[in-house]
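Participant: Quick one: structure below, then a few questions.
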Amino acid sequence: MPRHGIRKNQSFYWTLHGNSVALRSRSRAYVSPLENILYFQAVDWQSGLLTPQQKTLVPFFMPQSSNTVPIYAISDFKGLEADAVILLMRGKVLNHRQALYVGISRARASLSIIDDEVAAGDLPRGFKWDAQDCY
């Protein structure tokens, strides 16, 4: 049952443009911001979206396929570049700053850092954000 008794308006549909999706109206080109908000209040707002592809993280030396993403230790990654780099930094180790440098210097477009409280304490001060500042 839809939340707040609101049913999804059937005059909207999802379209795929390259790597992104867009919400479109069947009846007109302009959709007001209020109509967009009301659309997303329906429980089934996501119906019509494609199911995301599932990927499996595997060590880089294991067999790869189109459904796998290789993972590397920092020592394995030196000298390589990638469009996107995700750094997983946990606990107290001596090389967090070195790992950060390698990640920054190897990521062509995007660098994401996943850390815990201990590792965050080793990051440069400019890398510390409040949870409310991240989105």
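Going through the structure tokens in order, the chains are called A, B, and so on, while each chain numbers its residues from 1 and the ligands are numbered from 1 in the order shown.
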Which residues are near Arg26 (chain A)? Cut-off 8 Å, only C-alpha atoms, ignore same chain within fewer than 6 positions. Put them as number ranges by chain.

Facilitator: A: 11-13

Participant: Write out the residues from the selection above, keeping N, CA and C atoms, as a compact mmCIF listing (two decimals), in the first residue's frame.

Facilitator:
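Now in again_16.txt:
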```
# COMPACT_ATOMS: atom_id res chain seq x y z
N SER A 11 1.47 8.70 -15.47
CA SER A 11 1.88 9.51 -16.61
C SER A 11 3.39 9.76 -16.62
N PHE A 12 4.11 9.16 -15.66
CA PHE A 12 5.57 9.26 -15.63
C PHE A 12 6.19 7.93 -16.04
N TYR A 13 7.39 8.00 -16.57
CA TYR A 13 8.12 6.79 -16.93
C TYR A 13 9.62 7.07 -16.88
```

Participant: Report the residues of region 48-125 of chain A whose backbone DSSP state falls under alpha helix (DSSP H), written as a ChimeraX atom specification.

Facilitator: /A:74-77,96-106,117-120

Participant: Name the residues in contact with His96 (chain A) at a cut-off of 9 Å, using only C-alpha atoms, excluding same-chain residues fewer than 6 positions from it; report them as number ranges by chain.

Facilitator: A: 89-90, 119, 122-123

Participant: Output N, CA and C atoms for every residue in the selection just made, as a PDB file, in the first residue's frame.

Facilitator:
```
ATOM      1  N   MET A  89      40.409   1.838   4.190  1.00  0.00           N
ATOM      2  CA  MET A  89      41.447   2.102   5.189  1.00  0.00           C
ATOM      3  C   MET A  89      40.882   1.791   6.564  1.00  0.00           C
ATOM      4  N   ARG A  90      41.471   0.765   7.213  1.00  0.00           N
ATOM      5  CA  ARG A  90      40.955   0.340   8.517  1.00  0.00           C
ATOM      6  C   ARG A  90      42.097   0.225   9.512  1.00  0.00           C
ATOM      7  N   ALA A 119      41.519   4.856  11.399  1.00  0.00           N
ATOM      8  CA  ALA A 119      42.209   5.283  10.179  1.00  0.00           C
ATOM      9  C   ALA A 119      41.945   6.757   9.884  1.00  0.00           C
ATOM     10  N   ASP A 122      44.384   9.250  11.149  1.00  0.00           N
ATOM     11  CA  ASP A 122      45.669   9.362  10.458  1.00  0.00           C
ATOM     12  C   ASP A 122      45.599  10.190   9.178  1.00  0.00           C
ATOM     13  N   LEU A 123      44.398  10.527   8.735  1.00  0.00           N
ATOM     14  CA  LEU A 123      44.270  11.288   7.492  1.00  0.00           C
ATOM     15  C   LEU A 123      44.568  12.760   7.743  1.00  0.00           C
TER      16      LEU A 123
END
```

Participant: Could you work out how far CA of Thr15 (chain A) lies from CA of Gly48 (chain A), giving the answer in Å with one decimal?

Facilitator: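 So the two atoms, CA of Gly48 (chain A) and CA of Thr15 (chain A), lie 8.8 Å apart.
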
Participant: So, with only C-alpha atoms as the atoms that count, which of A:Pro59, A:Pro70, A:Pro124, A:Gly79 lies closest to Leu100 (chain A)?

Facilitator: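 When distances to Leu100 (chain A) are compared using only C-alpha atoms, the smallest one comes from A:Pro124.
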
Participant: Give the strand (DSSP E or B) residues of chain A, as assigned by DSSP on the backbone, as number ranges by chain.

Facilitator: A: 12-17, 20-25, 56-59, 68-71, 82-89, 107-115

Participant: For Asp76 (chain A), which of A:Leu57, A:Leu16, A:Ala99, A:Leu88 is the closest residue, counting only C-alpha atoms?

Facilitator: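 Looking at the shortest contact to Asp76 (chain A), the residue is A:Ala99.
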
Participant: Kindly indicate which residue among A:Gly126, A:Ile86, A:Asp44, A:Leu94 lies nearest to Ile113 (chain A), using only C-alpha atoms for the distances.

Facilitator: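 Of A:Gly126, A:Ile86, A:Asp44, A:Leu94, the one nearest Ile113 (chain A) is A:Ile86, counting only C-alpha atoms.
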
Participant: Of the candidates A:Trp14, A:Phe60, A:Tyr30, A:Trp45, which shows the shortest atom-to-atom distance to Ala73 (chain A), using only C-alpha atoms?

Facilitator: A:Phe60

Participant: Quick one, how far is CA of Leu80 (chain A) from CA of Ser105 (chain A)?

Facilitator: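 Separating CA of Leu80 (chain A) from CA of Ser105 (chain A) is a distance of 9.6 Å.
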